[in-house]
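Structure file final11.txt; described as compact mmCIF, C-alpha atoms.
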# COMPACT_ATOMS: atom_id res chain seq x y z
CA MET W 226 -48.34 26.49 9.52
CA ARG W 227 -44.85 26.14 8.06
CA GLN W 228 -43.31 27.12 11.37
CA ASP W 229 -45.47 24.58 13.21
CA ARG W 230 -44.35 21.86 10.81
CA ALA W 231 -40.72 22.80 11.26
CA MET W 232 -41.02 22.81 15.04
CA ARG W 233 -42.65 19.39 15.09
CA GLY W 234 -39.49 17.88 13.68
CA PRO W 235 -39.38 14.91 11.28
CA ALA W 236 -42.51 13.37 9.83
CA GLY W 237 -43.87 10.25 11.46
CA ARG W 238 -42.54 8.00 8.73
CA ALA W 239 -39.01 8.99 9.80
CA ALA W 240 -39.63 7.77 13.36
CA ILE W 241 -38.04 4.37 12.77
CA ASP W 242 -35.56 2.47 14.89
CA PRO W 243 -31.85 3.09 14.39
CA PHE W 244 -29.62 0.51 12.76
CA HIS W 245 -27.92 -0.44 16.03
CA VAL W 246 -24.78 -1.91 14.48
CA MET W 247 -23.96 1.57 13.19
CA GLU W 248 -24.17 2.84 16.77
CA VAL W 249 -21.75 0.10 17.85
CA MET W 250 -19.40 1.10 15.02
CA ARG W 251 -19.55 4.72 16.17
CA ALA W 252 -18.71 3.73 19.76
CA ALA W 253 -15.82 1.61 18.47
CA GLU W 254 -14.53 4.55 16.42
CA ARG W 255 -14.63 6.79 19.50
CA ARG W 256 -12.60 4.24 21.46
CA GLU W 257 -10.03 3.98 18.67
CA ALA W 258 -9.84 7.77 18.35
CA ALA W 259 -9.02 7.92 22.06
CA GLY W 260 -6.16 5.47 21.56
CA GLY W 261 -7.98 2.30 22.60
CA GLU W 262 -7.73 -1.00 20.77
CA VAL W 263 -10.82 -2.52 19.12
CA LEU W 264 -11.24 -6.03 17.75
CA HIS W 265 -14.06 -5.71 15.23
CA LEU W 266 -16.66 -8.46 15.34
CA GLU W 267 -19.50 -6.02 14.70
CA VAL W 268 -18.94 -4.95 11.11
CA GLY W 269 -20.80 -6.86 8.42
CA GLN W 270 -18.32 -6.13 5.69
CA PRO W 271 -15.20 -7.77 4.28
CA SER W 272 -11.92 -6.45 5.64
CA THR W 273 -10.35 -6.91 2.20
CA PRO W 274 -10.37 -4.34 -0.61
CA ALA W 275 -12.11 -4.81 -3.94
CA PRO W 276 -10.53 -7.44 -6.19
CA SER W 277 -7.40 -6.30 -8.03
CA LYS W 278 -9.01 -6.46 -11.49
CA VAL W 279 -11.87 -4.27 -10.28
CA ILE W 280 -9.43 -1.66 -9.01
CA ALA W 281 -7.51 -1.79 -12.31
CA ALA W 282 -10.77 -1.39 -14.25
CA ALA W 283 -11.66 1.63 -12.13
CA HIS W 284 -8.32 3.28 -12.99
CA THR W 285 -8.96 2.60 -16.68
CA ALA W 286 -12.46 4.08 -16.45
CA LEU W 287 -11.11 7.19 -14.72
CA ASP W 288 -8.68 7.69 -17.59
CA ARG W 289 -11.01 6.88 -20.47
CA GLU W 290 -14.63 7.47 -19.50
CA VAL W 291 -16.58 10.68 -19.08
CA LEU W 292 -18.33 9.15 -16.05
CA GLY W 293 -21.58 11.00 -16.51
CA TYR W 294 -25.02 9.65 -15.77
CA THR W 295 -25.93 6.19 -17.00
CA THR W 296 -29.43 4.97 -17.72
CA ALA W 297 -31.42 4.14 -14.61
CA ALA W 298 -31.12 0.40 -15.27
CA GLY W 299 -27.34 0.56 -15.51
CA ILE W 300 -24.78 0.14 -18.28
CA GLU W 301 -25.46 -2.71 -20.68
CA PRO W 302 -22.06 -4.44 -20.29
CA LEU W 303 -22.66 -4.79 -16.54
CA ARG W 304 -26.24 -6.00 -16.90
CA ARG W 305 -25.08 -8.60 -19.43
CA ALA W 306 -22.23 -9.66 -17.15
CA ILE W 307 -24.67 -10.11 -14.25
CA ALA W 308 -26.99 -12.20 -16.41
CA ALA W 309 -24.07 -14.37 -17.54
CA HIS W 310 -23.02 -14.80 -13.90
CA LEU W 311 -26.52 -15.97 -12.96
CA GLU W 312 -26.54 -18.54 -15.75
CA ASP W 313 -23.04 -19.71 -14.81
CA TRP W 314 -23.84 -20.14 -11.10
CA TYR W 315 -27.45 -21.29 -11.19
CA GLY W 316 -28.07 -22.51 -14.73
CA VAL W 317 -30.86 -19.96 -15.09
CA ALA W 318 -31.19 -17.82 -18.22
CA VAL W 319 -32.15 -14.28 -17.23
CA ASP W 320 -32.91 -11.58 -19.79
CA PRO W 321 -30.48 -8.70 -19.09
CA ASP W 322 -33.45 -6.36 -19.49
CA ARG W 323 -34.76 -7.74 -16.18
CA VAL W 324 -31.54 -6.73 -14.41
CA ILE W 325 -31.54 -3.28 -12.80
CA VAL W 326 -28.26 -2.03 -11.32
CA THR W 327 -28.90 -0.23 -8.02
CA VAL W 328 -27.28 1.90 -5.34
CA GLY W 329 -26.26 -1.08 -3.26
CA ALA W 330 -28.67 -3.80 -2.25
CA SER W 331 -30.32 -1.12 -0.10
CA GLY W 332 -31.45 0.71 -3.22
CA ALA W 333 -32.74 -2.55 -4.68
CA PHE W 334 -34.89 -3.19 -1.60
CA VAL W 335 -36.36 0.32 -1.64
CA LEU W 336 -37.21 -0.02 -5.33
CA SER W 337 -38.69 -3.49 -4.84
CA PHE W 338 -40.80 -2.40 -1.88
CA LEU W 339 -42.08 0.72 -3.66
CA ALA W 340 -42.91 -1.17 -6.86
CA ALA W 341 -44.50 -4.21 -5.26
CA PHE W 342 -46.34 -2.89 -2.19
CA ASP W 343 -48.81 -0.15 -1.38
CA VAL W 344 -49.41 1.71 1.86
CA GLY W 345 -51.22 -0.61 4.25
CA ASP W 346 -50.08 -3.85 2.61
CA ARG W 347 -49.00 -6.59 5.01
CA VAL W 348 -45.47 -7.88 4.39
CA VAL W 349 -43.88 -10.70 6.36
CA VAL W 350 -40.38 -10.15 7.74
CA PRO W 351 -38.93 -13.14 9.62
CA SER W 352 -37.07 -12.45 12.85
CA PRO W 353 -34.28 -12.53 13.65
CA GLY W 354 -33.53 -10.69 10.43
CA TYR W 355 -31.82 -7.70 8.88
CA PRO W 356 -33.41 -4.65 10.54
CA CYS W 357 -33.42 -2.41 7.49
CA TYR W 358 -36.14 -4.53 5.82
CA ARG W 359 -38.43 -3.77 8.73
CA ASN W 360 -37.44 -0.14 9.03
CA ALA W 361 -37.67 0.66 5.31
CA LEU W 362 -41.08 -0.99 4.96
CA THR W 363 -42.34 0.89 8.01
CA ALA W 364 -41.12 4.21 6.59
CA LEU W 365 -43.00 3.43 3.37
CA GLY W 366 -46.27 2.90 5.23
CA VAL W 367 -46.30 -0.89 4.89
CA GLU W 368 -47.46 -3.04 7.81
CA VAL W 369 -44.62 -5.32 8.87
CA VAL W 370 -45.83 -8.74 9.97
CA ASP W 371 -43.24 -10.29 12.27
CA LEU W 372 -42.67 -14.01 11.83
CA ALA W 373 -40.80 -15.34 14.85
CA THR W 374 -38.52 -18.18 13.80
CA THR W 375 -36.54 -20.49 16.07
CA MET W 376 -33.74 -22.99 15.99
CA ALA W 377 -36.37 -25.65 15.25
CA THR W 378 -36.78 -24.22 11.73
CA ARG W 379 -33.16 -23.10 11.51
CA PHE W 380 -34.38 -19.51 11.87
CA GLN W 381 -36.04 -19.67 8.45
CA PRO W 382 -39.72 -19.42 7.46
CA THR W 383 -41.70 -22.51 6.54
CA PRO W 384 -45.10 -22.86 4.86
CA GLU W 385 -46.49 -24.09 8.18
CA LEU W 386 -45.31 -20.97 10.01
CA LEU W 387 -46.55 -18.71 7.23
CA ASP W 388 -49.99 -20.33 7.41
CA THR W 389 -50.42 -18.93 10.93
CA LEU W 390 -50.28 -15.29 9.82
CA GLY W 391 -53.52 -14.81 7.92
CA PRO W 392 -53.68 -12.93 4.60
CA VAL W 393 -50.43 -11.19 3.63
CA ASP W 394 -49.19 -9.38 0.54
CA GLY W 395 -45.48 -10.04 0.62
CA LEU W 396 -42.58 -11.96 2.16
CA VAL W 397 -38.96 -10.89 2.53
CA LEU W 398 -36.73 -13.97 2.49
CA ALA W 399 -32.98 -13.99 3.20
CA SER W 400 -30.92 -17.09 2.45
CA PRO W 401 -28.19 -17.08 3.75
CA SER W 402 -29.58 -14.87 6.46
CA ASN W 403 -28.18 -11.98 8.41
CA PRO W 404 -27.69 -12.47 11.39
CA THR W 405 -27.95 -16.25 11.60
CA GLY W 406 -26.15 -17.36 8.46
CA THR W 407 -28.74 -20.11 7.92
CA MET W 408 -30.08 -20.89 4.47
CA LEU W 409 -32.82 -22.90 2.85
CA ASP W 410 -31.94 -25.98 0.82
CA ASP W 411 -33.45 -26.57 -2.62
CA GLU W 412 -36.55 -28.35 -1.34
CA ALA W 413 -37.31 -25.87 1.43
CA LEU W 414 -36.76 -22.89 -0.88
CA ALA W 415 -39.08 -24.34 -3.50
CA ALA W 416 -41.75 -24.95 -0.84
CA VAL W 417 -41.68 -21.35 0.41
CA ALA W 418 -41.68 -19.97 -3.14
CA ALA W 419 -44.64 -22.19 -4.05
CA TRP W 420 -46.52 -21.03 -0.94
CA CYS W 421 -46.09 -17.42 -2.09
CA ARG W 422 -46.95 -18.08 -5.71
CA GLU W 423 -50.12 -20.04 -4.92
CA ARG W 424 -51.43 -17.20 -2.72
CA GLY W 425 -50.38 -14.26 -4.85
CA VAL W 426 -47.82 -13.18 -2.24
CA GLN W 427 -44.95 -11.14 -3.68
CA LEU W 428 -41.63 -12.73 -2.72
CA VAL W 429 -38.59 -10.48 -2.28
CA ALA W 430 -35.45 -12.59 -1.95
CA ASP W 431 -32.21 -11.31 -0.43
CA GLU W 432 -29.30 -13.26 -1.94
CA ILE W 433 -26.48 -10.87 -1.09
CA TYR W 434 -24.45 -13.53 0.75
CA HIS W 435 -24.45 -15.98 -2.13
CA GLY W 436 -20.92 -17.14 -2.82
CA ILE W 437 -20.12 -17.17 0.91
CA THR W 438 -21.21 -20.66 1.96
CA TYR W 439 -19.36 -23.51 3.66
CA ASP W 440 -20.88 -26.91 2.95
CA ARG W 441 -22.92 -26.40 -0.21
CA PRO W 442 -23.81 -23.57 -2.60
CA ALA W 443 -26.91 -21.53 -1.89
CA PRO W 444 -29.78 -22.18 -4.31
CA SER W 445 -31.36 -19.14 -5.93
CA VAL W 446 -35.04 -18.27 -6.01
CA LEU W 447 -34.46 -17.60 -9.71
CA GLY W 448 -34.45 -21.35 -10.23
CA VAL W 449 -37.94 -21.86 -8.82
CA ASP W 450 -39.90 -18.62 -9.24
CA ASP W 451 -39.64 -16.03 -12.02
CA THR W 452 -42.21 -13.79 -10.32
CA ALA W 453 -39.95 -13.00 -7.35
CA CYS W 454 -37.83 -9.89 -6.88
CA VAL W 455 -34.27 -11.13 -6.35
CA VAL W 456 -31.71 -8.80 -4.79
CA ASN W 457 -27.94 -9.20 -4.81
CA SER W 458 -24.94 -6.98 -4.22
CA PHE W 459 -21.28 -6.45 -4.95
CA SER W 460 -20.70 -5.69 -1.26
CA LYS W 461 -20.25 -9.09 0.37
CA TYR W 462 -18.80 -11.88 -1.80
CA PHE W 463 -17.28 -9.34 -4.21
CA SER W 464 -15.79 -7.30 -1.31
CA MET W 465 -16.99 -3.93 -2.65
CA THR W 466 -19.08 -2.42 0.17
CA GLY W 467 -18.04 1.21 -0.29
CA TRP W 468 -18.59 1.11 -4.05
CA ARG W 469 -22.35 1.12 -3.33
CA LEU W 470 -23.46 -1.21 -6.07
CA GLY W 471 -26.11 -3.89 -6.14
CA TRP W 472 -28.60 -5.36 -8.53
CA LEU W 473 -32.21 -6.41 -8.74
CA VAL W 474 -33.66 -9.08 -11.00
CA ALA W 475 -37.25 -7.95 -11.35
CA PRO W 476 -40.19 -10.00 -12.62
CA ASP W 477 -41.45 -8.87 -16.02
CA HIS W 478 -44.45 -6.99 -14.62
CA LEU W 479 -42.27 -4.88 -12.30
CA VAL W 480 -39.37 -4.01 -14.63
CA ASP W 481 -40.84 -0.77 -15.99
CA PRO W 482 -42.19 0.42 -12.61
CA VAL W 483 -38.81 -0.21 -10.98
CA ILE W 484 -36.97 1.69 -13.71
CA ARG W 485 -39.36 4.66 -13.43
CA LEU W 486 -38.84 4.72 -9.67
CA ALA W 487 -35.07 4.46 -10.08
CA GLN W 488 -35.07 7.38 -12.53
CA ASN W 489 -36.84 9.58 -10.01
CA PHE W 490 -35.22 8.44 -6.77
CA PHE W 491 -31.62 7.76 -7.77
CA ILE W 492 -31.14 8.69 -11.47
CA ALA W 493 -28.52 5.92 -11.64
CA ALA W 494 -26.09 3.89 -9.60
CA PRO W 495 -22.50 5.23 -9.30
CA THR W 496 -21.00 5.26 -12.78
CA LEU W 497 -17.38 4.53 -11.86
CA ALA W 498 -18.46 1.55 -9.76
CA GLN W 499 -20.54 0.19 -12.64
CA HIS W 500 -17.65 0.25 -15.10
CA ALA W 501 -15.29 -1.32 -12.58
CA ALA W 502 -17.73 -4.03 -11.51
CA VAL W 503 -17.78 -5.62 -14.96
CA ALA W 504 -14.35 -7.02 -14.06
CA ALA W 505 -15.58 -8.54 -10.77
CA PHE W 506 -16.79 -11.71 -12.46
CA ALA W 507 -13.23 -12.52 -13.55
CA CYS W 508 -11.99 -12.50 -9.95
CA HIS W 509 -13.40 -15.71 -8.48
CA ASP W 510 -9.99 -17.15 -7.55
CA GLU W 511 -9.16 -14.07 -5.50
CA LEU W 512 -12.62 -14.05 -3.93
CA ALA W 513 -12.46 -17.76 -3.10
CA ALA W 514 -9.42 -17.00 -0.93
CA ASN W 515 -11.57 -14.57 1.06
CA VAL W 516 -14.16 -17.30 1.62
CA GLU W 517 -11.42 -19.65 2.85
CA ARG W 518 -10.47 -17.03 5.44
CA TYR W 519 -14.10 -16.68 6.49
CA ALA W 520 -14.29 -20.46 6.88
CA CYS W 521 -11.25 -20.41 9.19
CA ASN W 522 -12.77 -17.62 11.28
CA ARG W 523 -16.09 -19.45 11.40
CA ARG W 524 -14.41 -22.51 12.90
CA THR W 525 -12.67 -20.32 15.46
CA LEU W 526 -15.95 -18.85 16.65
CA LEU W 527 -17.98 -22.05 16.59
CA GLU W 528 -15.30 -23.84 18.59
CA GLY W 529 -14.38 -20.97 20.89
CA LEU W 530 -17.64 -19.27 21.87
CA PRO W 531 -18.91 -22.15 24.04
CA ALA W 532 -15.88 -21.58 26.31
CA ALA W 533 -17.16 -18.03 26.78
CA GLY W 534 -20.53 -19.33 27.99
CA ILE W 535 -22.24 -18.91 24.61
CA GLU W 536 -23.24 -22.45 23.81
CA GLN W 537 -26.36 -22.19 21.68
CA LEU W 538 -25.27 -21.01 18.23
CA ALA W 539 -27.25 -20.75 15.02
CA PRO W 540 -25.93 -23.10 12.31
CA ALA W 541 -23.89 -20.71 10.15
CA ASP W 542 -24.40 -22.22 6.68
CA GLY W 543 -23.30 -19.05 4.92
CA ALA W 544 -22.55 -15.33 5.24
CA PHE W 545 -19.95 -14.32 7.84
CA TYR W 546 -21.89 -14.25 11.09
CA VAL W 547 -22.43 -16.41 14.14
CA TYR W 548 -25.60 -15.66 16.12
CA GLY W 549 -25.27 -16.75 19.73
CA ASP W 550 -27.58 -17.05 22.72
CA VAL W 551 -26.03 -15.01 25.57
CA SER W 552 -28.82 -15.59 28.10
CA ALA W 553 -26.36 -17.41 30.38
CA LEU W 554 -24.48 -14.12 30.65
CA THR W 555 -27.17 -11.44 30.53
CA ASP W 556 -30.74 -10.49 29.77
CA ASP W 557 -29.57 -7.24 28.11
CA SER W 558 -27.44 -7.81 25.02
CA GLN W 559 -26.91 -4.07 24.47
CA HIS W 560 -25.41 -3.67 27.93
CA LEU W 561 -23.29 -6.79 27.45
CA CYS W 562 -21.90 -5.54 24.13
CA ALA W 563 -21.14 -2.16 25.70
CA ARG W 564 -19.22 -3.89 28.52
CA TRP W 565 -17.25 -6.05 26.11
CA LEU W 566 -16.20 -2.99 24.13
CA ASP W 567 -15.30 -1.01 27.25
CA GLU W 568 -13.57 -3.78 29.21
CA ILE W 569 -11.85 -5.99 26.62
CA GLY W 570 -12.04 -4.00 23.40
CA VAL W 571 -14.26 -6.47 21.55
CA ALA W 572 -17.04 -4.96 19.42
CA ALA W 573 -20.10 -7.14 18.71
CA THR W 574 -23.69 -6.38 17.72
CA PRO W 575 -26.60 -6.82 20.15
CA GLY W 576 -29.39 -9.06 18.91
CA VAL W 577 -32.04 -6.35 19.43
CA ASP W 578 -30.96 -5.04 16.04
CA PHE W 579 -32.32 -8.20 14.44
CA ASP W 580 -35.13 -9.22 16.77
CA PRO W 581 -36.72 -6.44 18.88
CA THR W 582 -38.68 -8.99 20.92
CA ARG W 583 -36.11 -11.68 21.74
CA GLY W 584 -32.83 -10.10 20.71
CA HIS W 585 -31.94 -9.03 24.23
CA ARG W 586 -30.73 -12.62 24.71
CA TRP W 587 -28.66 -12.84 21.52
CA VAL W 588 -25.51 -11.32 20.01
CA ARG W 589 -24.23 -11.36 16.42
CA PHE W 590 -20.53 -11.90 15.85
CA SER W 591 -19.10 -11.02 12.43
CA PHE W 592 -16.14 -13.06 11.27
CA ALA W 593 -15.34 -11.04 8.15
CA GLY W 594 -12.09 -9.72 9.59
CA ALA W 595 -8.52 -10.94 9.83
CA VAL W 596 -7.81 -14.43 11.19
CA ASP W 597 -5.58 -13.24 14.02
CA GLU W 598 -8.06 -10.55 15.07
CA VAL W 599 -10.95 -13.01 15.31
CA ALA W 600 -8.80 -15.50 17.23
CA GLU W 601 -7.70 -12.81 19.71
CA ALA W 602 -11.29 -11.64 20.19
CA VAL W 603 -12.47 -15.18 20.96
CA GLU W 604 -9.63 -15.63 23.47
CA ARG W 605 -10.60 -12.41 25.25
CA LEU W 606 -14.26 -13.40 25.34
CA GLY W 607 -13.31 -16.75 26.84
CA GLN W 608 -11.32 -15.08 29.62
CA TRP W 609 -13.90 -12.40 30.39
CA ARG W 610 -16.26 -12.92 33.32
CA PRO W 611 -19.51 -11.03 33.95
Kindly present the structure from the file in C-alpha cells form.
Amino acid sequence: MRQDRAMRGPAGRAAIDPFHVMEVMRAAERREAAGGEVLHLEVGQPSTPAPSKVIAAAHTALDREVLGYTTAAGIEPLRRAIAAHLEDWYGVAVDPDRVIVTVGASGAFVLSFLAAFDVGDRVVVPSPGYPCYRNALTALGVEVVDLATTMATRFQPTPELLDTLGPVDGLVLASPSNPTGTMLDDEALAAVAAWCRERGVQLVADEIYHGITYDRPAPSVLGVDDTACVVNSFSKYFSMTGWRLGWLVAPDHLVDPVIRLAQNFFIAAPTLAQHAAVAAFACHDELAANVERYACNRRTLLEGLPAAGIEQLAPADGAFYVYGDVSALTDDSQHLCARWLDEIGVAATPGVDFDPTRGHRWVRFSFAGAVDEVAEAVERLGQWRP
C-alpha cells in the first residue's frame, strides 16, 4: 500500500496550476545566465531594497537579539506599530490583539482560508485576479466560484454581478488588484462589503498594494466592515519582498482559530524581519520616492503600449501593473510572451496566470523596475512586429 501511494505521486490536492509568472522568471534567468539581456516587466516586486531604517534595525537586532521563536501572533511592538499605522492611514482603531503577523501575505491568506472556510464551501474569486487565491483554495478543498469581470465594472466585483452566482460562503476581494491595478472607491467598497455582511458571506480583503496609488488613496475594508479578514504585507509598498512578512487583521471570532493554525503551520513569522519591520513605518518619505518612480513608469506604459498595438488597457489606479489586451497581436499570450523574451529580451506575464478562460488575450506588464529599463522595454515593444 505504501509503495502504491509513493508510485502514484502527489496527492490530488497538489494537482494545482503553476504560478506562471514564476515560470517566466525562470526562463528570464536562463537567458541572463546564457549572457542574454532581459528587461524585466514580469516581476511583481519592487526593484529597490528595504528602506534604510529597516536595514539599520536589522543590523541592530542581529547584534542585540537572540532571534529565537516569537509567539505565533508576532512580537508586540510590531503588532502595535501596525495598529498605529492603520489608525494613521484610515482613521480606524484596531485592537493590536486582532493583528497577526504572518509569513508574507501568502501565509495570511492560507490562515484566513483555513480559519474561515471548510471543505466544499463555495468562495468567489473574481477574474482576472491573483492566481494563488484560486490555487490555494483549490488545494484546501474549497470550491472556487469564478466571477468574470470586465472593463465595464473596472474588473471589480459588484453586488449585481455577485447576485448572479447563487449561494456562496466567501469572497476574495483585491483593491488595488493584481493584475489590473483597479480599485474600488469608498461607495463601491461599502456596497460590496454590505452585500457580504447581509448574506453571511465571509469577506477576505487583499490590501497589499495600499500605499501605491496614483490619483487617490485606497480605502480600507476596515472602515466599513469589522467582520472581514484584511490582509496586508511589507512586500510591496514597504519594498521588503524577500523578508517574507505580512499581516492579517482578523475579526474577533477568528483571532483564536487563526493563532492556533499559525502555531501549528508556521510557529511564527521570521523573527529578524519582525524586529526590523517596526522601523518601516518611519520610512514614508523614502517609500514615497518609490511611488513617484512607479508613477513615471506607469505613464510610460500607458502612453507607449498603444504604439505597440496594445490599445485596450485596464485603468491602473494602483499597484504597479498595466493589464493590456493583446488580441490584435495574438490569441496565445503565453506564446507571445515567449517570443518577446526570445526576440527582444522583454519579459512579461501572460494573462492566463490571472484568467484561465480569457487570459490568452491579455498580458500583464509590471512597472516596478527602473525608469530607464521600463522606457527601453516599451520602445522595443513598439518596434517589434509579429
* Asked: Counting all atoms listed in the file, what is within 12 Å of Cys562 in chain W, bar same-chain residues fewer than 6 positions away, as a VMD selection string?
  -> chain W and resid 245 to 246 248 to 250 252 to 253 265 to 267 551 554 to 556 568 to 577 585 to 590 606 611
* Mind giving me the straight-line distance from CA of Glu536 in chain W to CA of Phe579 in chain W in Å, one decimal? =>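 Atom-to-atom, CA of Glu536 in chain W and CA of Phe579 in chain W are spaced 19.3 Å apart.
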Range 465-574 of chain W near range 425-448 of chain W within 10 Å: what's each residue's closest atom pair and its distance in Å to one decimal, counting all atoms listed in the file, ordered by chain then ascending residue number, as a Markdown table?
| residue | atom | partner | partner_atom | distance |
| --- | --- | --- | --- | --- |
| W:Gly471 | CA | W:Ile433 | CA | 8.6 |
| W:Trp472 | CA | W:Ile433 | CA | 9.5 |
| W:Leu473 | CA | W:Asp431 | CA | 9.6 |
| W:Val474 | CA | W:Leu447 | CA | 8.7 |
| W:Ala475 | CA | W:Val429 | CA | 9.5 |
| W:Pro476 | CA | W:Leu447 | CA | 10.0 |
| W:His509 | CA | W:Gly436 | CA | 9.5 |
| W:Leu512 | CA | W:Gly436 | CA | 8.9 |
| W:Ala513 | CA | W:Gly436 | CA | 8.5 |
| W:Asn515 | CA | W:Ile437 | CA | 8.9 |
| W:Val516 | CA | W:Ile437 | CA | 6.0 |
| W:Glu517 | CA | W:Tyr439 | CA | 8.9 |
| W:Tyr519 | CA | W:Ile437 | CA | 8.2 |
| W:Ala520 | CA | W:Tyr439 | CA | 6.7 |
| W:Arg523 | CA | W:Tyr439 | CA | 9.3 |
| W:Ala541 | CA | W:Tyr439 | CA | 8.4 |
| W:Asp542 | CA | W:Thr438 | CA | 5.9 |
| W:Gly543 | CA | W:Thr438 | CA | 4.0 |
| W:Ala544 | CA | W:Tyr434 | CA | 5.2 |
| W:Phe545 | CA | W:Ile437 | CA | 7.5 |
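Here CA of Cys521 in chain W and CA of Thr375 in chain W stand 26.2 Å from one another.
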* Identify, on the basis of only C-alpha atoms, every residue whose closest approach to Val393 in chain W does not exceed 10 Å; exclude the query and any residue fewer than 2 positions from it along the same chain; express the result as a ChimeraX atom specification. => /W:346-349,368-370,387-388,390-391,395-396,421,424-427
How would the residues just chosen look if you wrote them out with C-alpha atoms as a compact mmCIF listing (two decimals), in the coordinates of the input?
# COMPACT_ATOMS: atom_id res chain seq x y z
CA ASP W 346 -50.08 -3.85 2.61
CA ARG W 347 -49.00 -6.59 5.01
CA VAL W 348 -45.47 -7.88 4.39
CA VAL W 349 -43.88 -10.70 6.36
CA GLU W 368 -47.46 -3.04 7.81
CA VAL W 369 -44.62 -5.32 8.87
CA VAL W 370 -45.83 -8.74 9.97
CA LEU W 387 -46.55 -18.71 7.23
CA ASP W 388 -49.99 -20.33 7.41
CA LEU W 390 -50.28 -15.29 9.82
CA GLY W 391 -53.52 -14.81 7.92
CA GLY W 395 -45.48 -10.04 0.62
CA LEU W 396 -42.58 -11.96 2.16
CA CYS W 421 -46.09 -17.42 -2.09
CA ARG W 424 -51.43 -17.20 -2.72
CA GLY W 425 -50.38 -14.26 -4.85
CA VAL W 426 -47.82 -13.18 -2.24
CA GLN W 427 -44.95 -11.14 -3.68
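Using only C-alpha atoms, the shortest contact distance between Val263 in chain W and any of W:Thr295, W:Thr582, W:Arg251, W:Ala318 is found at W:Arg251.
One distance worth recording is that between CA of Leu287 in chain W and CA of Ala330 in chain W, which is 24.2 Å.
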* To do: Using all atoms listed in the file, give me every residue within 12 Å of (-39.4, -28.3, -2.3) in file coordinates, as a list in words.
  =>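 Final list of nearby residues, as requested, is Thr383, Pro384, Leu409, Asp410, Asp411, Glu412, Ala413, Leu414, Ala415, Ala416, Val417, Ala418, Ala419, Trp420, Pro444, Val446, Gly448, Val449 and Asp450 of chain W.
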* To do: Can you pull out every residue within 8 Å of Ala539 in chain W, counting all atoms listed in the file, but drop anything in the same chain fewer than 6 positions away, and send it as a ChimeraX atom specification?
  => /W:376,379-380,405-407,547-549
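Neighbouring residues of Ala306 in chain W at 12 Å or closer, counting all atoms listed in the file and skipping chain neighbours under 3 positions away, are Gly299, Ile300, Glu301, Pro302, Leu303, Ala309, His310, Leu311, Glu312, Asp313, Val319, Asp320, Pro321, Asp322, Val324, Val326, Trp472, Gln499, His500, Ala501, Ala502, Val503, Ala504, Ala505, Phe506 and Ala507 of chain W.
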* To do: Would you mind telling me which residue in W:Arg289, W:Arg255, W:Arg469, W:Arg564 lies nearest to Ala494 in chain W when using all atoms listed in the file?
  => W:Arg469
Would you save range 287-299 of chain W to a file, keeping N, CA and C atoms, as a PDB file, in the first residue's frame?
ATOM      1  N   LEU W 287      20.407  41.912  14.882  1.00  0.00           N
ATOM      2  CA  LEU W 287      21.422  40.856  14.787  1.00  0.00           C
ATOM      3  C   LEU W 287      22.444  40.958  15.916  1.00  0.00           C
ATOM      4  N   ASP W 288      22.763  42.176  16.312  1.00  0.00           N
ATOM      5  CA  ASP W 288      23.753  42.387  17.354  1.00  0.00           C
ATOM      6  C   ASP W 288      23.193  42.174  18.758  1.00  0.00           C
ATOM      7  N   ARG W 289      21.884  42.465  18.932  1.00  0.00           N
ATOM      8  CA  ARG W 289      21.352  42.543  20.291  1.00  0.00           C
ATOM      9  C   ARG W 289      20.325  41.473  20.654  1.00  0.00           C
ATOM     10  N   GLU W 290      19.685  40.889  19.648  1.00  0.00           N
ATOM     11  CA  GLU W 290      18.589  39.972  19.938  1.00  0.00           C
ATOM     12  C   GLU W 290      19.032  38.516  19.793  1.00  0.00           C
ATOM     13  N   VAL W 291      18.373  37.651  20.553  1.00  0.00           N
ATOM     14  CA  VAL W 291      18.634  36.220  20.438  1.00  0.00           C
ATOM     15  C   VAL W 291      18.089  35.677  19.121  1.00  0.00           C
ATOM     16  N   LEU W 292      16.989  36.251  18.655  1.00  0.00           N
ATOM     17  CA  LEU W 292      16.335  35.854  17.408  1.00  0.00           C
ATOM     18  C   LEU W 292      15.850  34.398  17.451  1.00  0.00           C
ATOM     19  N   GLY W 293      15.233  34.066  18.553  1.00  0.00           N
ATOM     20  CA  GLY W 293      14.560  32.778  18.656  1.00  0.00           C
ATOM     21  C   GLY W 293      13.140  32.880  18.151  1.00  0.00           C
ATOM     22  N   TYR W 294      12.342  31.884  18.475  1.00  0.00           N
ATOM     23  CA  TYR W 294      10.927  31.941  18.101  1.00  0.00           C
ATOM     24  C   TYR W 294      10.247  33.134  18.760  1.00  0.00           C
ATOM     25  N   THR W 295       9.236  33.673  18.077  1.00  0.00           N
ATOM     26  CA  THR W 295       8.317  34.619  18.717  1.00  0.00           C
ATOM     27  C   THR W 295       6.986  33.898  18.922  1.00  0.00           C
ATOM     28  N   THR W 296       6.049  34.558  19.567  1.00  0.00           N
ATOM     29  CA  THR W 296       4.708  33.993  19.623  1.00  0.00           C
ATOM     30  C   THR W 296       4.136  33.940  18.214  1.00  0.00           C
ATOM     31  N   ALA W 297       3.140  33.098  18.016  1.00  0.00           N
ATOM     32  CA  ALA W 297       2.580  32.911  16.685  1.00  0.00           C
ATOM     33  C   ALA W 297       1.987  34.198  16.129  1.00  0.00           C
ATOM     34  N   ALA W 298       1.472  35.056  16.990  1.00  0.00           N
ATOM     35  CA  ALA W 298       0.853  36.303  16.533  1.00  0.00           C
ATOM     36  C   ALA W 298       1.878  37.352  16.164  1.00  0.00           C
ATOM     37  N   GLY W 299       3.122  37.190  16.609  1.00  0.00           N
ATOM     38  CA  GLY W 299       4.148  38.171  16.310  1.00  0.00           C
ATOM     39  C   GLY W 299       4.515  38.997  17.523  1.00  0.00           C
TER      40      GLY W 299
END
